[in-house]
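This is coords-v7.txt (compact mmCIF, C-alpha atoms).
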# COMPACT_ATOMS: atom_id res chain seq x y z
CA MET A 1 0.00 0.00 0.00
CA LYS A 2 2.79 2.38 1.00
CA ASN A 3 4.70 1.48 -2.14
CA GLN A 4 1.62 2.08 -4.30
CA ILE A 5 1.08 5.54 -2.78
CA LYS A 6 4.75 6.33 -3.33
CA LYS A 7 4.52 5.20 -6.94
CA LEU A 8 1.35 7.25 -7.50
CA VAL A 9 2.93 10.38 -6.01
CA ASN A 10 6.04 9.88 -8.15
CA THR A 11 3.93 9.47 -11.29
CA VAL A 12 1.90 12.61 -10.55
CA LEU A 13 5.03 14.65 -9.79
CA PHE A 14 6.82 13.38 -12.90
CA GLY A 15 3.72 14.05 -15.04
CA ALA A 16 3.41 17.57 -13.66
CA ALA A 17 7.11 18.15 -14.41
CA ILE A 18 6.66 16.96 -18.02
CA LEU A 19 3.63 19.19 -18.67
CA GLY A 20 5.15 22.13 -16.79
CA GLY A 21 8.35 21.71 -18.79
CA ALA A 22 6.41 21.83 -22.06
CA ILE A 23 4.61 25.03 -21.04
CA THR A 24 7.85 26.62 -19.84
CA MET A 25 9.64 25.68 -23.05
CA GLN A 26 6.82 27.18 -25.14
CA SER A 27 6.94 30.42 -23.17
CA PHE A 28 10.73 30.50 -23.30
CA SER A 29 10.92 29.91 -27.06
CA GLU A 30 8.39 32.68 -27.62
CA LYS A 31 10.34 35.11 -25.47
CA GLU A 32 13.62 34.27 -27.13
CA VAL A 33 12.35 34.88 -30.66
CA SER A 34 10.64 38.23 -30.77
CA GLY A 35 9.13 37.46 -34.15
CA HIS A 36 9.58 37.64 -37.89
CA LEU A 37 7.54 38.93 -40.79
CA VAL A 38 7.42 36.56 -43.72
CA ASN A 39 6.68 37.25 -47.36
CA LYS A 40 3.61 35.30 -48.48
CA GLY A 41 3.68 36.73 -52.02
CA SER A 42 1.46 39.27 -53.83
CA GLY A 43 2.55 42.01 -51.43
CA ARG A 44 1.23 40.24 -48.33
CA PHE A 45 3.29 39.59 -45.20
CA GLU A 46 2.50 37.57 -42.09
CA LEU A 47 3.88 37.28 -38.58
CA ARG A 48 5.70 34.11 -37.49
CA SER A 49 7.17 33.34 -34.09
CA SER A 50 10.15 31.60 -35.73
CA VAL A 51 11.37 31.05 -39.27
CA ASN A 52 13.56 28.81 -41.35
CA PRO A 53 15.28 30.89 -44.09
CA MET A 54 15.73 27.70 -46.16
CA ASN A 55 11.96 27.52 -46.52
CA CYS A 56 11.82 30.21 -49.22
CA THR A 57 10.96 29.87 -52.89
CA PRO A 58 12.89 32.54 -54.83
CA THR A 59 10.01 34.00 -56.86
CA GLU A 60 9.72 37.46 -55.33
CA PRO A 61 11.78 40.63 -55.72
CA THR A 62 11.49 41.33 -51.97
CA ALA A 63 13.07 39.55 -48.99
CA CYS A 64 11.52 36.31 -47.82
CA THR A 65 11.81 36.98 -44.08
CA TYR A 66 12.32 40.07 -41.95
CA GLN A 67 13.60 40.14 -38.42
CA ILE A 68 11.62 42.37 -36.09
CA LEU A 69 13.99 44.74 -34.33
CA SER A 70 11.40 46.83 -32.46
CA PRO A 71 8.47 44.58 -31.54
CA GLU A 72 6.84 47.38 -29.58
CA ASN A 73 6.39 49.40 -32.78
CA ILE A 74 4.88 46.61 -34.90
CA PRO A 75 1.09 46.39 -34.53
CA THR A 76 -0.45 42.93 -34.14
CA GLN A 77 -2.30 42.17 -37.34
CA ASP A 78 -3.23 39.06 -39.28
CA SER A 79 -1.28 40.33 -42.28
CA TYR A 80 0.71 43.36 -43.44
CA THR A 81 0.86 45.14 -46.80
CA GLU A 82 3.98 45.92 -48.82
CA SER A 83 3.70 49.64 -48.03
CA GLU A 84 3.45 48.90 -44.29
CA LEU A 85 6.58 46.79 -44.59
CA ALA A 86 8.36 49.60 -46.43
CA THR A 87 7.45 51.99 -43.59
CA PHE A 88 8.65 49.55 -40.93
CA GLU A 89 11.94 49.05 -42.77
CA ALA A 90 12.43 52.78 -43.33
CA ASN A 91 11.93 53.35 -39.60
CA GLY A 92 14.47 50.66 -38.78
CA TRP A 93 11.91 48.49 -36.99
CA ILE A 94 12.57 45.48 -39.20
CA SER A 95 15.51 44.20 -41.19
CA PRO A 96 15.67 41.66 -44.08
CA SER A 97 17.01 38.37 -42.71
CA SER A 98 17.10 36.18 -45.82
CA SER A 99 17.36 36.23 -49.59
CA ASN A 100 14.40 37.22 -51.75
CA GLY A 101 11.50 34.82 -52.07
CA VAL A 102 8.12 33.59 -50.84
CA TYR A 103 8.01 31.93 -47.45
CA GLN A 104 6.48 28.47 -47.73
CA ASN A 105 5.31 27.79 -44.19
CA MET B 106 58.63 -18.90 -13.92
CA GLN B 107 55.76 -20.94 -12.50
CA GLN B 108 54.75 -17.99 -10.28
CA LEU B 109 54.71 -15.65 -13.25
CA SER B 110 52.54 -18.05 -15.21
CA ASN B 111 50.08 -18.31 -12.31
CA LYS B 112 49.90 -14.51 -11.99
CA ALA B 113 49.16 -14.22 -15.72
CA LYS B 114 46.40 -16.81 -15.37
CA ILE B 115 44.86 -14.95 -12.43
CA ALA B 116 45.05 -11.66 -14.32
CA SER B 117 43.38 -13.28 -17.30
CA VAL B 118 40.57 -14.66 -15.12
CA ILE B 119 40.02 -11.24 -13.45
CA ASP B 120 40.00 -9.63 -16.87
CA ARG B 121 37.34 -12.06 -18.06
CA ILE B 122 35.23 -11.44 -14.94
CA VAL B 123 35.45 -7.66 -15.43
CA GLN B 124 34.60 -8.02 -19.13
CA TYR B 125 31.69 -10.31 -18.33
CA SER B 126 30.44 -7.90 -15.64
CA ALA B 127 30.67 -4.97 -18.02
CA ILE B 128 28.77 -6.86 -20.73
CA GLN B 129 26.23 -8.03 -18.17
CA TRP B 130 25.86 -4.48 -16.87
CA LEU B 131 25.41 -3.10 -20.39
CA ARG B 132 22.93 -5.84 -21.23
CA ASP B 133 20.90 -5.15 -18.07
CA LYS B 134 20.88 -1.41 -18.67
CA GLY B 135 19.98 -1.89 -22.33
CA LEU B 136 17.13 -4.18 -21.36
CA TRP B 137 15.93 -1.67 -18.76
CA VAL B 138 15.96 1.16 -21.35
CA TYR B 139 14.18 -1.07 -23.89
CA LYS B 140 11.54 -1.95 -21.30
CA LYS B 141 11.03 1.68 -20.29
CA LEU B 142 11.08 2.99 -23.88
CA PRO B 143 7.29 2.73 -24.45
CA LEU B 144 6.68 4.78 -21.30
CA GLY B 145 9.31 7.29 -22.44
CA ILE B 146 7.55 7.62 -25.80
CA THR B 147 4.23 8.12 -23.99
CA TYR B 148 5.74 10.96 -21.94
CA GLY B 149 7.33 12.31 -25.13
CA TYR B 150 3.91 12.49 -26.77
CA ALA B 151 2.54 14.25 -23.68
CA PHE B 152 5.33 16.83 -23.80
CA LEU B 153 4.91 17.39 -27.54
CA TYR B 154 1.13 17.77 -27.39
CA MET B 155 1.22 20.06 -24.36
CA TYR B 156 3.85 22.22 -26.08
CA THR B 157 2.06 22.52 -29.43
CA GLY B 158 -1.45 22.64 -27.91
CA TYR B 159 -0.52 25.45 -25.54
CA ASP B 160 1.21 27.34 -28.37
CA LYS B 161 -1.84 27.01 -30.65
CA LEU B 162 -4.16 28.09 -27.86
CA ARG B 163 -2.06 31.19 -27.20
CA HIS B 164 -2.31 32.11 -30.89
CA VAL B 165 -5.77 30.69 -31.49
CA GLU B 166 -6.95 33.55 -33.70
CA VAL B 167 -3.99 33.17 -36.05
CA PHE B 168 -4.54 29.41 -36.03
CA ILE B 169 -8.24 29.76 -36.94
CA LYS B 170 -7.41 32.29 -39.63
CA GLY B 171 -4.82 29.90 -41.10
CA ASN B 172 -7.31 27.02 -41.03
CA ARG B 173 -9.78 29.06 -43.08
CA LYS B 174 -7.33 29.00 -45.99
CA ILE B 175 -7.02 25.22 -46.04
CA PRO B 176 -9.09 23.62 -48.81
CA LEU B 177 -12.00 21.36 -47.74
CA ILE B 178 -11.68 21.98 -43.99
CA GLY B 179 -11.84 25.80 -44.19
CA HIS B 180 -15.57 25.77 -43.30
CA TYR B 181 -14.80 24.18 -39.95
CA ALA B 182 -11.91 26.53 -39.16
CA GLU B 183 -13.29 27.69 -35.82
CA LEU B 184 -14.20 24.20 -34.64
CA ILE B 185 -10.79 22.85 -35.66
CA GLY B 186 -9.03 25.95 -34.31
CA TRP B 187 -10.35 25.37 -30.80
CA GLY B 188 -10.76 21.61 -31.02
CA ILE B 189 -7.21 20.60 -31.96
CA PRO B 190 -5.33 22.50 -29.22
CA LEU B 191 -7.88 21.51 -26.57
CA LEU B 192 -7.69 17.87 -27.68
CA GLU B 193 -3.88 18.02 -27.65
CA ILE B 194 -3.83 19.39 -24.10
CA LEU B 195 -6.44 16.85 -22.96
CA LEU B 196 -4.39 14.01 -24.45
CA ALA B 197 -1.21 15.31 -22.81
CA VAL B 198 -2.94 15.34 -19.41
CA LEU B 199 -4.44 11.87 -19.93
CA LEU B 200 -1.09 10.46 -21.05
CA VAL B 201 0.67 11.45 -17.84
CA PHE B 202 -2.05 11.31 -15.18
CA THR B 203 -3.88 8.08 -16.02
CA PHE B 204 -2.99 4.42 -15.84
CA GLY B 205 -3.91 1.22 -17.58
CA ARG B 206 -6.66 1.22 -20.17
CA ALA B 207 -7.28 4.99 -20.10
CA ARG B 208 -3.64 5.74 -20.86
CA GLN B 209 -3.59 3.09 -23.56
CA ILE B 210 -6.63 4.68 -25.26
CA ALA B 211 -5.05 8.15 -24.93
CA LEU B 212 -1.86 6.87 -26.57
CA ARG B 213 -3.81 5.30 -29.42
CA VAL B 214 -5.76 8.52 -30.05
CA SER B 215 -2.46 10.46 -29.90
CA VAL B 216 -0.86 8.21 -32.50
CA ILE B 217 -3.95 8.38 -34.75
CA MET B 218 -3.82 12.18 -34.49
CA MET B 219 -0.11 12.13 -35.36
CA GLY B 220 -1.04 9.99 -38.37
CA ILE B 221 -3.61 12.58 -39.48
CA PHE B 222 -1.07 15.42 -39.09
CA THR B 223 1.48 13.39 -41.09
CA LEU B 224 -1.06 12.72 -43.85
CA TYR B 225 -1.88 16.43 -43.95
CA LEU B 226 1.83 17.26 -44.33
CA LEU B 227 2.24 14.68 -47.07
CA LEU B 228 -0.79 15.98 -49.01
CA MET B 229 0.45 19.56 -48.63
CA LEU B 230 3.93 18.58 -49.86
CA LEU B 231 2.50 16.75 -52.86
CA PHE B 232 -0.32 19.01 -54.00
CA VAL B 233 -0.23 22.52 -52.50
CA PRO B 234 2.33 25.10 -53.68
CA ASP B 235 1.57 27.78 -51.03
CA ARG B 236 1.54 25.63 -47.94
CA ILE B 237 0.05 26.51 -44.58
CA CYS B 238 1.27 25.12 -41.28
CA HIS B 239 0.42 26.56 -37.88
CA CYS B 240 2.07 23.67 -36.12
CA GLY B 241 3.20 25.56 -33.05
CA GLY B 242 6.46 27.00 -31.70
CA VAL B 243 9.80 25.76 -32.99
CA ILE B 244 8.09 23.00 -35.00
CA GLU B 245 6.71 25.76 -37.23
CA SER B 246 10.28 26.77 -38.10
CA MET B 247 11.14 23.38 -39.62
CA ASP B 248 11.06 23.07 -43.38
CA TRP B 249 8.39 20.75 -44.75
CA THR B 250 10.59 17.72 -45.39
CA THR B 251 12.17 17.92 -41.91
CA HIS B 252 8.71 18.33 -40.42
CA LEU B 253 7.48 15.25 -42.31
CA ILE B 254 10.46 13.17 -41.10
CA PHE B 255 9.90 14.46 -37.54
CA ASN B 256 6.26 13.36 -37.70
CA LEU B 257 7.10 9.98 -39.26
CA VAL B 258 9.62 9.28 -36.47
CA TRP B 259 7.01 10.09 -33.82
CA LEU B 260 4.40 8.02 -35.67
CA GLY B 261 6.77 5.03 -35.80
CA ALA B 262 7.69 5.48 -32.14
CA GLY B 263 4.01 5.68 -31.20
CA ILE B 264 3.14 2.47 -33.06
CA PHE B 265 6.11 0.76 -31.40
CA ALA B 266 4.94 1.94 -27.96
CA ILE B 267 1.36 0.73 -28.56
CA LYS B 268 2.62 -2.69 -29.68
CA LYS B 269 4.92 -3.04 -26.68
CA LEU B 270 2.39 -1.79 -24.17
CA ASN B 271 -0.13 -4.32 -25.42
CA ASN B 272 2.13 -6.91 -23.86
CA TYR B 273 1.90 -5.36 -20.43
CA LYS B 274 -1.00 -6.00 -18.14
CA ARG B 275 -0.88 -2.43 -16.88
CA LEU B 276 0.60 0.64 -18.51
CA ASN B 277 2.70 1.55 -15.52
CA LEU B 278 4.99 -1.22 -16.71
CA GLU B 279 3.99 -3.94 -14.32
CA SER B 280 4.38 -6.87 -16.64

What would the structure in this file look like if it were written as C-alpha cells?
Amino acid sequence: MKNQIKKLVNTVLFGAAILGGAITMQSFSEKEVSGHLVNKGSGRFELRSSVNPMNCTPTEPTACTYQILSPENIPTQDSYTESELATFEANGWISPSSSNGVYQN
Amino acid sequence: MQQLSNKAKIASVIDRIVQYSAIQWLRDKGLWVYKKLPLGITYGYAFLYMYTGYDKLRHVEVFIKGNRKIPLIGHYAELIGWGIPLLEILLAVLLVFTFGRARQIALRVSVIMMGIFTLYLLLMLLFVPDRICHCGGVIESMDWTTHLIFNLVWLGAGIFAIKKLNNYKRLNLES
C-alpha cells in the first residue's frame, strides 16, 4: 500500500514536471524569438514566431523573411501590406534576414 | 617462472570477470531502457502535445485564420481551431495522469492524431504550392521535409509503444 502511494505520487510529480516543462519551453521559445515577418507573395506579409530561411521559394523581388527589431512598434495584425513593410523598414523596426522569395510555411 | 605463469592466469581470469560484468551491466541497462522505452515515448507524446497545444491556444486567432485558408476543412476553421489545441492538451494530461486502459486509449488517439497530421503534411507537400502550417512554436520553423520526417519518427515510435504496451498488463509497466 505504502509502495503504491509512493509510486502514485512519483507518477503525478513526474507528469506535472513533463507538462510544466512543455509550457515553460513554449513560453521561453516565444520570449527568445521576438518574431519575424514573412513574405507570403502578392505584397502580403504575415507574422511568425520563428522562421527557417531555407523555406523560401525565390520567386519574389522582396526579402523572404524580416527580423523584427522593435516589436513594440509593430502592430499585431493578421497580415501586413507591402507599403506597411516599407514603412517599418524605413523606420528601422525590421531588417531583411534572408534572400528574396516567398516563405512556404 | 611458474609464479609468473600463475599470476598471468589470475590476471586473465580477473580480466574475463570484469569483461563479463561490463557486458552483463550493459545488457541489463539496455534491457531496462528497452523496457522503459514505451513509457518514455508516452511521456514524449505528452510533452509534444502540451507544447504545441498550448502554443496554438495562445495564438488561437492566427490558427483559426490559417485554417480558413485550407481547402476542404476551411468551413470548420473555428471548430478545428479550438478543437485541436484543446484535444492536444487533454491528451497530454491523460497520457501522464492516467494508468492502464485509459492511458492506452489516450496513446492510441495520440498516435492516430499524429497519423492525421502526417497525412496532412504529405498531401500539402505533394499538391499545395503555397503551404500553410500553424504547427506551433519551434516545429513551425522546420522546413516541410524535416517536419514530415519528424512526424514519421514520432508516428513510428508511437506504433512501437502501442505494440509493446499491449504486452503489459498495466501501462505503468507492471508486466

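Distances to chain A were evaluated for B:Trp137, B:Phe232, B:Tyr125, B:Trp249 using all atoms listed in the file, and the minimum falls at B:Trp249.
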
I want to know what sits within 12 Å of Ser42 in chain A, based on only C-alpha atoms, with residues of the same chain fewer than 5 positions away left out; could you give that as a list in words?
Thr59, Glu60, Pro61, Thr62, Ser79, Tyr80, Thr81, Glu82, Gly101, Val102 and Tyr103 of chain A; Asp235 of chain B

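For the set B:Asn256, B:Ser215, B:Thr203, B:Asn272, the residue with the smallest atom-to-atom gap to chain A is B:Thr203, counting all atoms listed in the file.
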
Contacts of Ala63 in chain A at 6 Å or less, counting only C-alpha atoms, minus same-chain residues fewer than 2 places along, as a VMD selection string?
chain A and resid 65 96 99 to 101

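The residue that comes closest to Ile169 in chain B, out of A:Glu72, A:Thr87, A:Met25, A:Asp78 and on the basis of only C-alpha atoms, is A:Asp78.
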
Return as JSON lines the residues of chain A lying at most 8 Å from chain B, together with the closest atom-to-atom pair for each and the distance in Å to one decimal, counting all atoms listed in the file, with rows in chain order and ascending residue number.
{"residue": "A:Thr11", "atom": "CA", "partner": "B:Phe202", "partner_atom": "CA", "distance": 7.4}
{"residue": "A:Val12", "atom": "CA", "partner": "B:Phe202", "partner_atom": "CA", "distance": 6.2}
{"residue": "A:Gly15", "atom": "CA", "partner": "B:Val201", "partner_atom": "CA", "distance": 4.9}
{"residue": "A:Ala16", "atom": "CA", "partner": "B:Val201", "partner_atom": "CA", "distance": 7.9}
{"residue": "A:Ile18", "atom": "CA", "partner": "B:Phe152", "partner_atom": "CA", "distance": 5.9}
{"residue": "A:Leu19", "atom": "CA", "partner": "B:Phe152", "partner_atom": "CA", "distance": 5.9}
{"residue": "A:Gly21", "atom": "CA", "partner": "B:Phe152", "partner_atom": "CA", "distance": 7.6}
{"residue": "A:Ala22", "atom": "CA", "partner": "B:Tyr156", "partner_atom": "CA", "distance": 4.8}
{"residue": "A:Ile23", "atom": "CA", "partner": "B:Tyr156", "partner_atom": "CA", "distance": 5.8}
{"residue": "A:Met25", "atom": "CA", "partner": "B:Tyr156", "partner_atom": "CA", "distance": 7.4}
{"residue": "A:Gln26", "atom": "CA", "partner": "B:Tyr156", "partner_atom": "CA", "distance": 5.9}
{"residue": "A:Ser29", "atom": "CA", "partner": "B:Gly242", "partner_atom": "CA", "distance": 7.1}
{"residue": "A:Glu30", "atom": "CA", "partner": "B:Gly242", "partner_atom": "CA", "distance": 7.3}
{"residue": "A:Ser49", "atom": "CA", "partner": "B:Gly242", "partner_atom": "CA", "distance": 6.8}
{"residue": "A:Ser50", "atom": "CA", "partner": "B:Ser246", "partner_atom": "CA", "distance": 5.4}
{"residue": "A:Val51", "atom": "CA", "partner": "B:Ser246", "partner_atom": "CA", "distance": 4.6}
{"residue": "A:Asn52", "atom": "CA", "partner": "B:Ser246", "partner_atom": "CA", "distance": 5.0}
{"residue": "A:Met54", "atom": "CA", "partner": "B:Asp248", "partner_atom": "CA", "distance": 7.1}
{"residue": "A:Asn55", "atom": "CA", "partner": "B:Asp248", "partner_atom": "CA", "distance": 5.5}
{"residue": "A:Asp78", "atom": "CA", "partner": "B:Val167", "partner_atom": "CA", "distance": 6.8}
{"residue": "A:Gln104", "atom": "CA", "partner": "B:Arg236", "partner_atom": "CA", "distance": 5.7}
{"residue": "A:Asn105", "atom": "CA", "partner": "B:Ile237", "partner_atom": "CA", "distance": 5.4}

Distance CA of Asn73 in chain A-CA of Asn39 in chain A, one decimal place?
19.0 Å

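Taking CA of Leu47 in chain A as the reference point, CA of Leu192 in chain B is found at 25.1 Å.
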
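Coordinates place CA of Ile146 in chain B at a distance of 6.7 Å from CA of Gly263 in chain B.
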
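The shell of residues at most 9 Å from Pro71 in chain A, with all atoms listed in the file counted and near chain neighbours (fewer than 3 positions) removed, consists of A:Ser34, A:Gly35, A:Ile68, A:Ile74, A:Pro75, A:Trp93, A:Ile94.
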
Measuring between all atoms listed in the file, which one of A:Asn3, A:Ala90, A:Phe45, A:Pro53 shows the shortest distance to Gln77 in chain A?
A:Phe45

Find the spatial neighbours of Pro176 in chain B, counting all atoms listed in the file, within a cut-off of 12 Å - ignore same-chain residues fewer than 2 positions away - and output them as a list of chain:residue names.
B:Gly171, B:Asn172, B:Arg173, B:Lys174, B:Ile178, B:Gly179, B:His180, B:Tyr181, B:Ala182, B:Tyr225, B:Leu228, B:Met229, B:Phe232, B:Val233, B:Asp235, B:Arg236, B:Ile237

Env of Leu212 in chain B: 9 Å cut, atoms = only C-alpha atoms, seq-sep filter 4 positions within chain, self excluded. Answer as a PDB file with C-alpha atoms, in the frame of the given file.
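The result, written out as result.pdb:
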ATOM      1  CA  THR B 147       4.230   8.120 -23.990  1.00  0.00           C
ATOM      2  CA  TYR B 150       3.910  12.490 -26.770  1.00  0.00           C
ATOM      3  CA  LEU B 196      -4.390  14.010 -24.450  1.00  0.00           C
ATOM      4  CA  LEU B 199      -4.440  11.870 -19.930  1.00  0.00           C
ATOM      5  CA  LEU B 200      -1.090  10.460 -21.050  1.00  0.00           C
ATOM      6  CA  ALA B 207      -7.280   4.990 -20.100  1.00  0.00           C
ATOM      7  CA  ARG B 208      -3.640   5.740 -20.860  1.00  0.00           C
ATOM      8  CA  VAL B 216      -0.860   8.210 -32.500  1.00  0.00           C
ATOM      9  CA  ILE B 217      -3.950   8.380 -34.750  1.00  0.00           C
ATOM     10  CA  GLY B 263       4.010   5.680 -31.200  1.00  0.00           C
ATOM     11  CA  ALA B 266       4.940   1.940 -27.960  1.00  0.00           C
ATOM     12  CA  ILE B 267       1.360   0.730 -28.560  1.00  0.00           C
TER      13      ILE B 267
END
